[in-house]
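Novice: Following this line is target_29.csv, made up of CSV, C-alpha atoms:
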chain,number,residue,atom,x,y,z
A,1,MET,CA,0.0,0.0,0.0
A,2,THR,CA,1.8,3.1,-1.3
A,3,ALA,CA,2.0,6.5,0.4
A,4,THR,CA,0.3,8.0,-2.6
A,5,PHE,CA,-2.6,5.7,-2.2
A,6,LEU,CA,-3.0,6.6,1.5
A,7,SER,CA,-2.6,10.2,0.7
A,8,GLU,CA,-5.5,10.0,-1.8
A,9,TRP,CA,-7.7,8.4,0.8
A,10,LEU,CA,-6.8,11.0,3.4
A,11,ASN,CA,-7.6,13.7,0.8
A,12,LEU,CA,-11.0,12.1,0.1
A,13,LEU,CA,-11.9,11.7,3.7
A,14,PHE,CA,-10.8,15.2,4.8
A,15,ARG,CA,-12.6,16.7,1.8
A,16,TRP,CA,-15.8,14.9,2.7
A,17,PHE,CA,-15.6,15.8,6.3
A,18,HIS,CA,-14.7,19.4,5.4
A,19,LEU,CA,-17.8,19.7,3.3
A,20,ILE,CA,-20.1,18.2,6.0
A,21,VAL,CA,-19.0,20.5,8.8
A,22,GLY,CA,-18.7,23.5,6.4
A,23,VAL,CA,-22.3,23.1,5.3
A,24,GLY,CA,-23.3,23.0,9.0
A,25,TRP,CA,-21.3,26.1,9.8
A,26,ILE,CA,-22.5,28.1,6.8
A,27,GLY,CA,-26.0,27.0,7.3
A,28,THR,CA,-25.9,28.2,10.9
A,29,SER,CA,-24.5,31.5,9.8
A,30,PHE,CA,-27.3,32.0,7.3
A,31,TYR,CA,-30.0,30.9,9.7
A,32,PHE,CA,-28.9,33.1,12.6
A,33,MET,CA,-28.4,36.2,10.3
A,34,ALA,CA,-31.9,35.7,8.9
A,35,LEU,CA,-33.3,35.1,12.4
A,36,ASP,CA,-31.7,38.3,13.8
A,37,LEU,CA,-33.0,40.4,10.9
A,38,SER,CA,-36.5,39.0,11.3
A,39,LEU,CA,-36.9,39.8,15.0
A,40,ARG,CA,-39.8,42.1,15.9
A,41,LYS,CA,-40.9,43.9,19.0
A,42,ARG,CA,-44.2,42.6,20.2
A,43,GLU,CA,-46.7,43.6,22.9
A,44,GLY,CA,-46.3,41.9,26.2
A,45,GLN,CA,-42.7,40.9,25.8
A,46,ALA,CA,-40.7,40.5,29.0
A,47,PRO,CA,-38.1,43.1,30.0
A,48,GLY,CA,-34.8,42.7,28.3
A,49,ILE,CA,-36.2,41.0,25.1
A,50,LEU,CA,-34.9,42.7,22.0
A,51,GLY,CA,-37.4,41.0,19.8
A,52,SER,CA,-39.0,37.7,18.7
A,53,ALA,CA,-39.7,35.8,15.6
A,54,TRP,CA,-42.4,33.2,14.7
A,55,GLU,CA,-41.3,30.5,12.3
A,56,VAL,CA,-42.8,27.4,10.8
A,57,HIS,CA,-40.8,24.4,9.6
A,58,GLY,CA,-41.3,20.6,9.4
A,59,GLY,CA,-44.9,20.8,10.5
A,60,GLY,CA,-44.2,22.7,13.7
A,61,PHE,CA,-44.3,26.3,14.8
A,62,TYR,CA,-41.4,28.0,16.7
A,63,ASN,CA,-41.4,31.2,18.8
A,64,VAL,CA,-37.8,32.4,19.2
A,65,GLU,CA,-36.9,35.4,21.5
A,66,LYS,CA,-33.6,37.2,21.7
A,67,TYR,CA,-32.3,39.0,24.8
A,68,MET,CA,-30.5,42.3,24.4
A,69,VAL,CA,-27.5,41.0,26.4
A,70,ALA,CA,-28.5,37.8,28.3
A,71,PRO,CA,-31.3,36.6,30.6
A,72,LYS,CA,-30.9,36.7,34.3
A,73,GLU,CA,-30.5,32.9,34.4
A,74,LEU,CA,-29.3,30.4,31.9
A,75,PRO,CA,-30.6,26.8,31.5
A,76,LYS,CA,-28.2,23.9,31.9
A,77,ASP,CA,-29.0,22.7,28.3
A,78,LEU,CA,-27.8,25.9,26.6
A,79,ILE,CA,-26.8,25.1,23.0
A,80,TRP,CA,-23.4,26.4,21.8
A,81,TYR,CA,-22.8,26.7,18.1
A,82,LYS,CA,-19.0,26.5,17.7
A,83,TRP,CA,-17.8,23.0,16.7
A,84,ASP,CA,-18.8,23.2,13.1
A,85,ALA,CA,-16.6,26.3,12.8
A,86,TYR,CA,-13.7,24.8,14.6
A,87,LEU,CA,-13.9,21.5,12.6
A,88,THR,CA,-14.3,23.3,9.3
A,89,TRP,CA,-11.0,25.0,9.8
A,90,VAL,CA,-9.2,22.0,11.2
A,91,SER,CA,-10.4,19.7,8.4
A,92,GLY,CA,-9.6,22.5,5.8
A,93,PHE,CA,-6.1,22.8,7.1
A,94,ALA,CA,-5.7,19.0,7.1
A,95,LEU,CA,-6.8,19.0,3.5
A,96,LEU,CA,-4.4,21.9,2.7
A,97,THR,CA,-1.6,19.8,4.3
A,98,VAL,CA,-2.5,16.5,2.4
A,99,GLN,CA,-2.9,18.1,-1.0
A,100,TYR,CA,-0.7,21.2,-1.0
A,101,TYR,CA,1.9,20.6,1.6
A,102,PHE,CA,2.6,16.9,0.9
A,103,ASN,CA,2.8,17.7,-2.8
A,104,ALA,CA,4.2,21.3,-2.6
A,105,SER,CA,6.4,20.9,-5.7
A,106,VAL,CA,3.3,19.8,-7.8
A,107,TYR,CA,0.5,22.0,-6.5
A,108,LEU,CA,2.1,24.9,-4.7
A,109,ILE,CA,5.3,25.8,-6.4
A,110,ASP,CA,5.7,27.1,-9.9
A,111,PRO,CA,9.4,27.6,-10.8
A,112,GLU,CA,8.5,30.3,-13.3
A,113,VAL,CA,7.0,32.3,-10.5
A,114,MET,CA,9.6,31.6,-7.8
A,115,ARG,CA,11.9,28.8,-7.2
A,116,LEU,CA,11.2,27.6,-3.7
A,117,LEU,CA,11.9,24.5,-1.6
A,118,PRO,CA,8.8,22.7,-0.3
A,119,ALA,CA,9.7,23.7,3.3
A,120,GLU,CA,10.0,27.4,2.2
A,121,ALA,CA,6.6,27.3,0.5
A,122,ILE,CA,4.9,25.7,3.5
A,123,ALA,CA,6.5,28.2,5.9
A,124,ILE,CA,5.2,31.1,3.8
A,125,SER,CA,1.8,29.6,3.7
A,126,VAL,CA,1.5,29.1,7.5
A,127,VAL,CA,3.0,32.4,8.5
A,128,SER,CA,0.8,34.3,6.0
A,129,LEU,CA,-2.4,32.8,7.3
A,130,LEU,CA,-1.5,33.8,10.9
A,131,ALA,CA,-0.3,37.2,9.8
A,132,GLY,CA,-3.5,37.8,7.9
A,133,TRP,CA,-5.6,37.1,11.0
A,134,LEU,CA,-3.5,39.3,13.2
A,135,VAL,CA,-3.7,42.3,10.8
A,136,TYR,CA,-7.5,41.9,10.5
A,137,ASP,CA,-8.0,41.5,14.2
A,138,ARG,CA,-6.0,44.6,15.1
A,139,LEU,CA,-7.9,46.5,12.5
A,140,CYS,CA,-11.3,45.5,14.0
A,141,ARG,CA,-10.0,46.5,17.5
A,142,SER,CA,-8.8,49.9,16.2
A,143,PRO,CA,-11.0,53.0,15.8
A,144,ILE,CA,-11.5,51.9,12.1
A,145,GLY,CA,-13.5,49.0,13.5
A,146,GLN,CA,-16.3,51.4,14.5
A,147,ASN,CA,-16.7,52.6,10.9
A,148,THR,CA,-18.4,49.8,9.0
A,149,PRO,CA,-17.8,51.1,5.4
A,150,LEU,CA,-14.2,52.0,6.1
A,151,LEU,CA,-13.6,48.7,7.8
A,152,ALA,CA,-15.1,46.8,4.8
A,153,ALA,CA,-12.9,48.8,2.4
A,154,CYS,CA,-9.8,48.0,4.6
A,155,LEU,CA,-10.6,44.3,4.7
A,156,LEU,CA,-11.0,44.3,0.9
A,157,VAL,CA,-7.5,45.9,0.6
A,158,ILE,CA,-6.0,43.3,3.0
A,159,ILE,CA,-7.4,40.4,1.0
A,160,LEU,CA,-6.3,41.9,-2.4
A,161,ALA,CA,-2.8,42.7,-1.0
A,162,ALA,CA,-2.6,39.1,0.2
A,163,THR,CA,-3.6,37.9,-3.3
A,164,TYR,CA,-0.9,40.0,-4.9
A,165,GLY,CA,1.6,38.6,-2.4
A,166,TYR,CA,0.6,35.0,-3.0
A,167,ALA,CA,0.9,35.6,-6.8
A,168,GLN,CA,4.5,36.5,-6.3
A,169,VAL,CA,5.4,33.2,-4.8
A,170,PHE,CA,2.9,30.5,-5.5
A,171,SER,CA,1.4,28.7,-8.6
A,172,GLY,CA,-2.0,29.8,-9.9
A,173,ARG,CA,-3.7,27.0,-7.9
A,174,GLY,CA,-1.8,27.9,-4.8
A,175,VAL,CA,-2.8,31.6,-5.0
A,176,LEU,CA,-6.5,31.3,-5.0
A,177,ILE,CA,-6.7,28.4,-2.6
A,178,HIS,CA,-4.6,30.4,-0.2
A,179,VAL,CA,-6.8,33.5,-0.5
A,180,GLY,CA,-9.7,31.1,0.4
A,181,ALA,CA,-7.7,29.7,3.3
A,182,LEU,CA,-6.9,33.2,4.6
A,183,ILE,CA,-10.5,34.2,4.5
A,184,GLY,CA,-11.5,30.9,6.1
A,185,THR,CA,-8.9,31.4,8.9
A,186,ILE,CA,-10.2,34.9,9.6
A,187,MET,CA,-13.7,33.4,9.9
A,188,ALA,CA,-12.8,30.5,12.1
A,189,PHE,CA,-10.6,32.6,14.3
A,190,ASN,CA,-13.4,35.1,14.7
A,191,VAL,CA,-15.4,32.3,16.3
A,192,PHE,CA,-12.5,30.7,18.3
A,193,MET,CA,-10.8,33.9,19.4
A,194,VAL,CA,-13.6,36.4,19.7
A,195,ILE,CA,-17.2,35.3,19.5
A,196,ILE,CA,-17.1,32.2,21.8
A,197,PRO,CA,-14.7,33.8,24.4
A,198,ASN,CA,-17.0,36.8,24.6
A,199,GLN,CA,-20.0,34.6,25.1
A,200,LYS,CA,-18.2,32.7,27.8
A,201,LYS,CA,-17.4,36.0,29.6
A,202,ILE,CA,-21.1,36.9,29.5
A,203,VAL,CA,-22.0,33.5,31.0
A,204,ALA,CA,-19.4,33.8,33.7
A,205,ALA,CA,-20.7,37.3,34.6
A,206,LEU,CA,-24.3,35.9,34.9
A,207,LEU,CA,-23.1,33.0,37.1
A,208,ALA,CA,-21.2,35.4,39.3
A,209,GLY,CA,-24.3,37.6,39.7
A,210,ARG,CA,-22.8,40.5,37.7
A,211,GLU,CA,-24.3,42.5,34.9
A,212,PRO,CA,-22.8,41.3,31.6
A,213,ASP,CA,-20.9,43.8,29.5
A,214,ALA,CA,-23.2,44.5,26.5
A,215,ARG,CA,-20.1,45.5,24.5
A,216,LEU,CA,-18.9,41.9,24.4
A,217,GLY,CA,-22.1,40.9,22.6
A,218,ALA,CA,-21.8,43.7,20.2
A,219,ILE,CA,-18.3,42.8,19.3
A,220,GLY,CA,-19.3,39.1,18.8
A,221,LYS,CA,-22.1,40.2,16.5
A,222,GLN,CA,-19.8,42.4,14.4
A,223,ARG,CA,-17.5,39.4,13.8
A,224,SER,CA,-20.5,37.2,13.1
A,225,VAL,CA,-21.7,39.6,10.4
A,226,HIS,CA,-18.2,39.7,8.8
A,227,ASN,CA,-18.3,35.9,8.6
A,228,ASN,CA,-21.7,36.0,7.0
A,229,TYR,CA,-20.6,38.3,4.2
A,230,LEU,CA,-17.5,36.3,3.5
A,231,THR,CA,-19.2,32.9,3.1
A,232,LEU,CA,-20.1,33.2,-0.6
A,233,PRO,CA,-16.7,34.4,-1.8
A,234,VAL,CA,-14.8,31.8,0.3
A,235,LEU,CA,-16.9,28.9,-1.2
A,236,LEU,CA,-16.0,29.9,-4.7
A,237,LEU,CA,-12.4,30.3,-3.9
A,238,MET,CA,-12.2,26.9,-2.3
A,239,VAL,CA,-13.5,25.2,-5.5
A,240,SER,CA,-11.4,27.5,-7.8
A,241,ASN,CA,-8.8,24.8,-8.4
A,242,HIS,CA,-11.3,23.0,-10.6
A,243,TYR,CA,-11.5,25.9,-13.0
A,244,PRO,CA,-8.4,27.0,-14.8
A,245,LEU,CA,-10.1,30.0,-16.2
A,246,LEU,CA,-9.8,31.3,-12.6
A,247,THR,CA,-6.5,29.8,-11.4
A,248,GLY,CA,-4.7,30.3,-14.7
A,249,HIS,CA,-5.7,33.9,-15.1
A,250,GLY,CA,-2.9,36.4,-15.3
A,251,GLN,CA,-4.6,39.0,-13.0
A,252,PRO,CA,-5.6,37.1,-9.9
A,253,VAL,CA,-6.1,40.3,-7.9
A,254,LEU,CA,-8.8,41.4,-10.3
A,255,VAL,CA,-10.4,37.9,-10.2
A,256,VAL,CA,-10.5,37.9,-6.4
A,257,ALA,CA,-11.8,41.4,-6.3
A,258,LEU,CA,-14.7,40.5,-8.6
A,259,ILE,CA,-15.5,37.4,-6.5
A,260,LEU,CA,-15.5,39.4,-3.3
A,261,VAL,CA,-17.9,42.0,-4.8
A,262,MET,CA,-20.2,39.4,-6.3
A,263,GLY,CA,-20.5,37.3,-3.2
A,264,GLY,CA,-20.7,40.3,-0.8
A,265,MET,CA,-23.5,42.0,-2.8
A,266,VAL,CA,-25.6,38.9,-3.2
A,267,ARG,CA,-25.3,38.3,0.5
A,268,HIS,CA,-26.2,41.9,1.3
A,269,PHE,CA,-29.3,41.7,-0.9
A,270,ILE,CA,-30.4,38.5,0.8
A,271,ASN,CA,-29.8,40.0,4.3
A,272,ARG,CA,-31.7,43.2,3.6
A,273,HIS,CA,-34.5,41.2,2.1
A,274,ASP,CA,-34.7,39.0,5.2
A,275,ALA,CA,-34.8,42.2,7.3
A,276,HIS,CA,-37.9,43.3,5.3
A,277,ASP,CA,-36.0,46.5,4.5
A,278,ASN,CA,-37.4,49.0,2.0
A,279,PHE,CA,-36.5,47.6,-1.4
A,280,ALA,CA,-35.4,51.0,-2.5
A,281,ASN,CA,-32.6,50.8,0.0
A,282,PHE,CA,-30.9,47.7,-1.3
A,283,TRP,CA,-32.1,47.0,-4.9
A,284,TRP,CA,-28.7,48.2,-6.2
A,285,ALA,CA,-26.9,45.2,-4.7
A,286,LEU,CA,-27.9,42.7,-7.4
A,287,PRO,CA,-27.1,45.0,-10.3
A,288,VAL,CA,-23.6,45.6,-8.8
A,289,ALA,CA,-23.2,41.8,-8.5
A,290,ALA,CA,-24.4,41.3,-12.1
A,291,VAL,CA,-22.0,43.9,-13.4
A,292,SER,CA,-19.2,42.1,-11.5
A,293,LEU,CA,-20.2,38.8,-12.9
A,294,ILE,CA,-20.3,40.1,-16.5
A,295,THR,CA,-16.9,41.7,-16.0
A,296,ALA,CA,-15.5,38.4,-14.7
A,297,VAL,CA,-16.8,36.6,-17.7
A,298,ILE,CA,-15.3,39.3,-20.0
A,299,VAL,CA,-11.8,39.4,-18.3
A,300,THR,CA,-11.6,35.6,-18.2
A,301,THR,CA,-12.6,35.1,-21.9
A,302,PRO,CA,-9.6,33.4,-23.5
A,303,GLU,CA,-7.7,35.3,-26.2
A,304,LYS,CA,-8.1,33.9,-29.7
A,305,LEU,CA,-5.0,32.0,-30.7
A,306,VAL,CA,-3.1,33.2,-33.7
A,307,GLY,CA,-3.1,30.6,-36.4
A,308,GLY,CA,-0.6,29.9,-39.1
A,309,ALA,CA,1.8,27.5,-37.5
A,310,VAL,CA,1.8,24.0,-39.0
A,311,VAL,CA,2.3,21.5,-36.3
A,312,SER,CA,2.5,17.8,-37.0
A,313,ASP,CA,0.9,15.0,-35.0
A,314,ALA,CA,4.4,13.9,-33.9
A,315,GLN,CA,5.3,17.4,-32.7
A,316,ALA,CA,2.1,17.7,-30.7
A,317,LEU,CA,2.5,14.2,-29.1
A,318,GLU,CA,6.2,15.0,-28.3
A,319,ILE,CA,5.2,18.2,-26.4
A,320,VAL,CA,2.5,16.3,-24.4
A,321,GLN,CA,4.8,13.3,-23.6
A,322,MET,CA,7.5,15.7,-22.5
A,323,HIS,CA,5.3,17.8,-20.1
A,324,CYS,CA,2.0,15.9,-19.4
A,325,ALA,CA,2.6,12.1,-19.7
A,326,ASP,CA,4.4,11.7,-16.4
A,327,CYS,CA,1.0,12.2,-14.8
A,328,HIS,CA,-1.5,11.5,-17.6
A,329,SER,CA,-0.4,8.0,-18.6
A,330,ALA,CA,-1.4,4.4,-17.8
A,331,THR,CA,1.6,4.2,-15.5
A,332,PRO,CA,2.4,7.7,-14.1
A,333,THR,CA,6.0,8.3,-13.2
A,334,ASN,CA,5.1,11.3,-11.0
A,335,ASP,CA,5.2,10.1,-7.4
A,336,ALA,CA,2.1,12.2,-6.6
A,337,PHE,CA,-0.2,9.8,-8.6
A,338,VAL,CA,-0.8,6.1,-8.8
A,339,GLU,CA,-3.1,6.5,-11.8
A,340,ALA,CA,-3.8,9.2,-14.3
A,341,PRO,CA,-5.8,12.2,-12.8
A,342,MET,CA,-9.4,11.9,-13.8
A,343,ASN,CA,-8.3,8.8,-15.8
A,344,ILE,CA,-7.2,11.0,-18.6
A,345,GLU,CA,-4.3,9.3,-20.4
A,346,LEU,CA,-2.5,11.5,-23.0
A,347,ASP,CA,-0.4,8.8,-24.6
A,348,SER,CA,-1.8,8.8,-28.1
A,349,ILE,CA,-3.0,11.1,-30.9
A,350,ALA,CA,-6.5,9.7,-30.5
A,351,ASN,CA,-6.6,10.7,-26.8
A,352,LEU,CA,-5.3,14.2,-27.6
A,353,ARG,CA,-8.2,14.6,-30.0
A,354,ARG,CA,-10.6,13.1,-27.4
A,355,TYR,CA,-9.5,15.5,-24.7
A,356,ASN,CA,-8.9,18.5,-27.0
A,357,ILE,CA,-11.2,21.0,-25.1
A,358,LEU,CA,-9.7,20.0,-21.7
A,359,ILE,CA,-6.1,20.3,-22.9
A,360,MET,CA,-6.8,23.6,-24.5
A,361,ALA,CA,-8.4,25.0,-21.3
A,362,GLN,CA,-5.8,23.6,-18.9
A,363,ALA,CA,-2.5,23.8,-20.8
A,364,VAL,CA,-2.9,26.3,-23.6
A,365,ARG,CA,-5.3,29.1,-22.6
A,366,SER,CA,-4.1,28.9,-19.0
A,367,THR,CA,-1.0,27.7,-17.2
A,368,ALA,CA,-2.9,25.4,-14.8
A,369,MET,CA,-1.2,22.4,-16.3
A,370,PRO,CA,1.3,20.9,-16.1
A,371,LEU,CA,1.1,20.9,-12.3
A,372,GLY,CA,4.0,22.9,-10.9
A,373,ASN,CA,5.4,23.1,-14.5
A,374,GLU,CA,8.3,21.1,-13.2
A,375,LYS,CA,9.8,20.6,-16.7
A,376,GLY,CA,9.3,24.2,-17.8
A,377,MET,CA,6.7,24.1,-20.5
A,378,THR,CA,7.4,27.2,-22.5
A,379,GLU,CA,4.9,29.7,-24.0
A,380,GLN,CA,6.1,28.7,-27.5
A,381,GLU,CA,5.3,25.0,-26.7
A,382,ARG,CA,1.8,26.0,-25.5
A,383,ALA,CA,1.2,28.0,-28.7
A,384,LEU,CA,2.4,25.1,-30.9
A,385,LEU,CA,0.1,22.6,-29.0
A,386,GLY,CA,-2.7,25.1,-29.2
A,387,ALA,CA,-2.2,25.5,-33.0
A,388,TRP,CA,-2.4,21.7,-33.4
A,389,LEU,CA,-5.5,21.4,-31.2
A,390,GLN,CA,-7.3,24.2,-33.1
A,391,GLY,CA,-6.9,22.1,-36.3
A,392,HIS,CA,-8.3,19.0,-34.7
Turn the structure described in the file into structure tokens.
Specialist:
Amino acid sequence: MTATFLSEWLNLLFRWFHLIVGVGWIGTSFYFMALDLSLRKREGQAPGILGSAWEVHGGGFYNVEKYMVAPKELPKDLIWYKWDAYLTWVSGFALLTVQYYFNASVYLIDPEVMRLLPAEAIAISVVSLLAGWLVYDRLCRSPIGQNTPLLAACLLVIILAATYGYAQVFSGRGVLIHVGALIGTIMAFNVFMVIIPNQKKIVAALLAGREPDARLGAIGKQRSVHNNYLTLPVLLLMVSNHYPLLTGHGQPVLVVALILVMGGMVRHFINRHDAHDNFANFWWALPVAAVSLITAVIVTTPEKLVGGAVVSDAQALEIVQMHCADCHSATPTNDAFVEAPMNIELDSIANLRRYNILIMAQAVRSTAMPLGNEKGMTEQERALLGAWLQGH
């Protein structure tokens, strides 16, 4: 039983687990944001009640009340929502380790971007995730944190600056997955370092017979709202490695900016709709998201290849065998694979024709393939391969 085989199983199990707990965490975020925005003041409510909401689901009716700070007494069966967030980050980091750290030379390092040792690339990854959280956290605790529009603009700048930095050291796949990991780290640490500790301080004050500090709840709410607005962008960034039109784009900062605007605006529209806000106050969010989407489609449209070069079948096959066949063959020689990825074997002209569209997308119109470009596939070779593919 090879190490590669075990690595593939770990990758599959961590990915499955990551999806399960991630769905739970994001679902909780969506639910509680919608719940908060649907709270209404009603006659006869007890003192300290901020509002309540009536809901129907699964054949039953629910009446949920929210306290401004906390009730005078807490039940023993108080439910804490934290483990989905913790486990999403832990499983995500495990997945990052199995796929990107164990195979850093394949997935993370691109010699044409920067020649790094695997240990150097991993160190940059870990340090950058922690540094990103520290910068964001200090920003929230500064006077800027009291100005929501300014704070949002600063967070956008932080993420785009990180994207630019990652683009100077990592492969295209490594860039976008790390932007997603950075945002995910901010979100998870918000729960672990701020939201839950603040809630525990409130509980401790109640048990000690003291009046809880309302500011702690407000801070926790602020971080929770940040997490809610970041959910849609982080989901797309986490699956970006399946789409070379994103990971292979020459301007990752622009791509990430458009993803952030699209996701944030859609989330804002949904939140204001859930709050039954005046439509005139938030209708603009969807057009902004639509313009961002159209812009993303335009900027990722592949350039038309210039024809004219006459490339023989033998030349095309030689290029593929030189740069692709160590992974995409019946017996891969690349240690990261025991079988061809996606069972795509590029060892014959017939298969080059069969997978024409995929090869064009992955290795000609983008630099997503070969992974890590270990053998230095040149732009001229990509152009020649593209010329042959266009004719077939």
Novice: Would you list the residues near (-23.4, 21.2, 9.4) (no more than 12 Å away, in the coordinates of the file, using all atoms listed in the file) as a PDB file with C-alpha atoms, keeping the file's coordinate frame?
Specialist:
ATOM      1  CA  TRP A  16     -15.800  14.900   2.700  1.00  0.00           C
ATOM      2  CA  PHE A  17     -15.600  15.800   6.300  1.00  0.00           C
ATOM      3  CA  HIS A  18     -14.700  19.400   5.400  1.00  0.00           C
ATOM      4  CA  LEU A  19     -17.800  19.700   3.300  1.00  0.00           C
ATOM      5  CA  ILE A  20     -20.100  18.200   6.000  1.00  0.00           C
ATOM      6  CA  VAL A  21     -19.000  20.500   8.800  1.00  0.00           C
ATOM      7  CA  GLY A  22     -18.700  23.500   6.400  1.00  0.00           C
ATOM      8  CA  VAL A  23     -22.300  23.100   5.300  1.00  0.00           C
ATOM      9  CA  GLY A  24     -23.300  23.000   9.000  1.00  0.00           C
ATOM     10  CA  TRP A  25     -21.300  26.100   9.800  1.00  0.00           C
ATOM     11  CA  ILE A  26     -22.500  28.100   6.800  1.00  0.00           C
ATOM     12  CA  GLY A  27     -26.000  27.000   7.300  1.00  0.00           C
ATOM     13  CA  THR A  28     -25.900  28.200  10.900  1.00  0.00           C
ATOM     14  CA  SER A  29     -24.500  31.500   9.800  1.00  0.00           C
ATOM     15  CA  PHE A  30     -27.300  32.000   7.300  1.00  0.00           C
ATOM     16  CA  TYR A  31     -30.000  30.900   9.700  1.00  0.00           C
ATOM     17  CA  TYR A  81     -22.800  26.700  18.100  1.00  0.00           C
ATOM     18  CA  LYS A  82     -19.000  26.500  17.700  1.00  0.00           C
ATOM     19  CA  TRP A  83     -17.800  23.000  16.700  1.00  0.00           C
ATOM     20  CA  ASP A  84     -18.800  23.200  13.100  1.00  0.00           C
ATOM     21  CA  ALA A  85     -16.600  26.300  12.800  1.00  0.00           C
ATOM     22  CA  TYR A  86     -13.700  24.800  14.600  1.00  0.00           C
ATOM     23  CA  LEU A  87     -13.900  21.500  12.600  1.00  0.00           C
ATOM     24  CA  THR A  88     -14.300  23.300   9.300  1.00  0.00           C
TER      25      THR A  88
END
Novice: In Å, with one decimal, what is the gap from CA of Ala361 in chain A to CA of Pro244 in chain A?
Specialist: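 Separating CA of Ala361 in chain A from CA of Pro244 in chain A is a distance of 6.8 Å.
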Novice: Excluding range 194-207 of chain A and residues on its chain fewer than 3 positions from it, collect all residues at most 10 Å away from it, counting only C-alpha atoms, and give them as a list in words.
Specialist: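 Contacts, in chain order: Val69, Ala70, Pro71, Lys72, Glu73, Leu74, Trp80, Tyr81, Lys82, Asp137, Ala188, Phe189, Asn190, Val191, Arg210, Glu211, Pro212, Asp213, Ala214, Arg215, Leu216, Gly217, Ala218, Ile219, Gly220, Lys221, Gln222, Arg223 and Ser224 of chain A.
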Novice: Could you write those residues out with C-alpha atoms, as an mmCIF file, keeping the file's coordinate frame?
Specialist:
data_model
loop_
_atom_site.group_PDB
_atom_site.id
_atom_site.type_symbol
_atom_site.label_atom_id
_atom_site.label_comp_id
_atom_site.auth_asym_id
_atom_site.auth_seq_id
_atom_site.Cartn_x
_atom_site.Cartn_y
_atom_site.Cartn_z
ATOM 1 C CA VAL A 69 -27.500 41.000 26.400
ATOM 2 C CA ALA A 70 -28.500 37.800 28.300
ATOM 3 C CA PRO A 71 -31.300 36.600 30.600
ATOM 4 C CA LYS A 72 -30.900 36.700 34.300
ATOM 5 C CA GLU A 73 -30.500 32.900 34.400
ATOM 6 C CA LEU A 74 -29.300 30.400 31.900
ATOM 7 C CA TRP A 80 -23.400 26.400 21.800
ATOM 8 C CA TYR A 81 -22.800 26.700 18.100
ATOM 9 C CA LYS A 82 -19.000 26.500 17.700
ATOM 10 C CA ASP A 137 -8.000 41.500 14.200
ATOM 11 C CA ALA A 188 -12.800 30.500 12.100
ATOM 12 C CA PHE A 189 -10.600 32.600 14.300
ATOM 13 C CA ASN A 190 -13.400 35.100 14.700
ATOM 14 C CA VAL A 191 -15.400 32.300 16.300
ATOM 15 C CA ARG A 210 -22.800 40.500 37.700
ATOM 16 C CA GLU A 211 -24.300 42.500 34.900
ATOM 17 C CA PRO A 212 -22.800 41.300 31.600
ATOM 18 C CA ASP A 213 -20.900 43.800 29.500
ATOM 19 C CA ALA A 214 -23.200 44.500 26.500
ATOM 20 C CA ARG A 215 -20.100 45.500 24.500
ATOM 21 C CA LEU A 216 -18.900 41.900 24.400
ATOM 22 C CA GLY A 217 -22.100 40.900 22.600
ATOM 23 C CA ALA A 218 -21.800 43.700 20.200
ATOM 24 C CA ILE A 219 -18.300 42.800 19.300
ATOM 25 C CA GLY A 220 -19.300 39.100 18.800
ATOM 26 C CA LYS A 221 -22.100 40.200 16.500
ATOM 27 C CA GLN A 222 -19.800 42.400 14.400
ATOM 28 C CA ARG A 223 -17.500 39.400 13.800
ATOM 29 C CA SER A 224 -20.500 37.200 13.100
#
Novice: Using only C-alpha atoms, what table do you get, as CSV, when you list each residue of range 163-203 of chain A with an atom no more than 12 Å from range 114-135 of chain A, its nearest pair of atoms, and their distance in Å rounded to one decimal, rows by chain then rising number?
Specialist:
residue,atom,partner,partner_atom,distance
A:Thr163,CA,A:Ser128,CA,10.9
A:Gly165,CA,A:Ser128,CA,9.5
A:Tyr166,CA,A:Ser125,CA,8.7
A:Ala167,CA,A:Met114,CA,9.6
A:Gln168,CA,A:Met114,CA,7.2
A:Val169,CA,A:Met114,CA,5.4
A:Phe170,CA,A:Met114,CA,7.2
A:Ser171,CA,A:Met114,CA,8.7
A:Gly172,CA,A:Met114,CA,11.9
A:Gly174,CA,A:Ser125,CA,9.4
A:Val175,CA,A:Ser125,CA,10.0
A:Ile177,CA,A:Ser125,CA,10.6
A:His178,CA,A:Ser125,CA,7.5
A:Val179,CA,A:Leu129,CA,9.0
A:Gly180,CA,A:Leu129,CA,10.2
A:Ala181,CA,A:Leu129,CA,7.3
A:Leu182,CA,A:Leu129,CA,5.3
A:Ile183,CA,A:Gly132,CA,8.6
A:Gly184,CA,A:Leu129,CA,9.4
A:Thr185,CA,A:Leu129,CA,6.8
A:Ile186,CA,A:Trp133,CA,5.3
A:Met187,CA,A:Trp133,CA,9.0
A:Ala188,CA,A:Trp133,CA,9.8
A:Phe189,CA,A:Trp133,CA,7.5
A:Asn190,CA,A:Trp133,CA,8.9
A:Phe192,CA,A:Trp133,CA,11.9
A:Met193,CA,A:Trp133,CA,10.4
A:Val194,CA,A:Trp133,CA,11.8
Novice: Grab the CA of Leu95 in chain A to CA of Ser7 in chain A distance for me, in Å with one decimal place.
Specialist: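 Value for the CA of Leu95 in chain A-CA of Ser7 in chain A distance: 10.1 Å.
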Novice: Measuring between all atoms listed in the file, which one of A:Leu176, A:Ala153, A:His249, A:Pro287 shows the shortest distance to Pro233 in chain A?
Specialist: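 Checking each of A:Leu176, A:Ala153, A:His249, A:Pro287 against Pro233 in chain A, counting all atoms listed in the file, the winner is A:Leu176.
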Novice: Separation of CA of Val261 in chain A and CA of Leu108 in chain A, in Å?
Specialist: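 These atoms are spaced 26.3 Å apart.
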Novice: Excluding range 371-383 of chain A and its own-chain neighbours fewer than 4 positions away, which residues fall within 8 Å of it when counting all atoms listed in the file? Please give them as a list in words.
Specialist: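 The residues that qualify are Ser105, Val106, Tyr107, Leu108, Ile109, Asp110, Pro111, Glu112, Ser171, Leu305, Ile319, Met322, His323, Ala363, Val364 and Ala387 of chain A.
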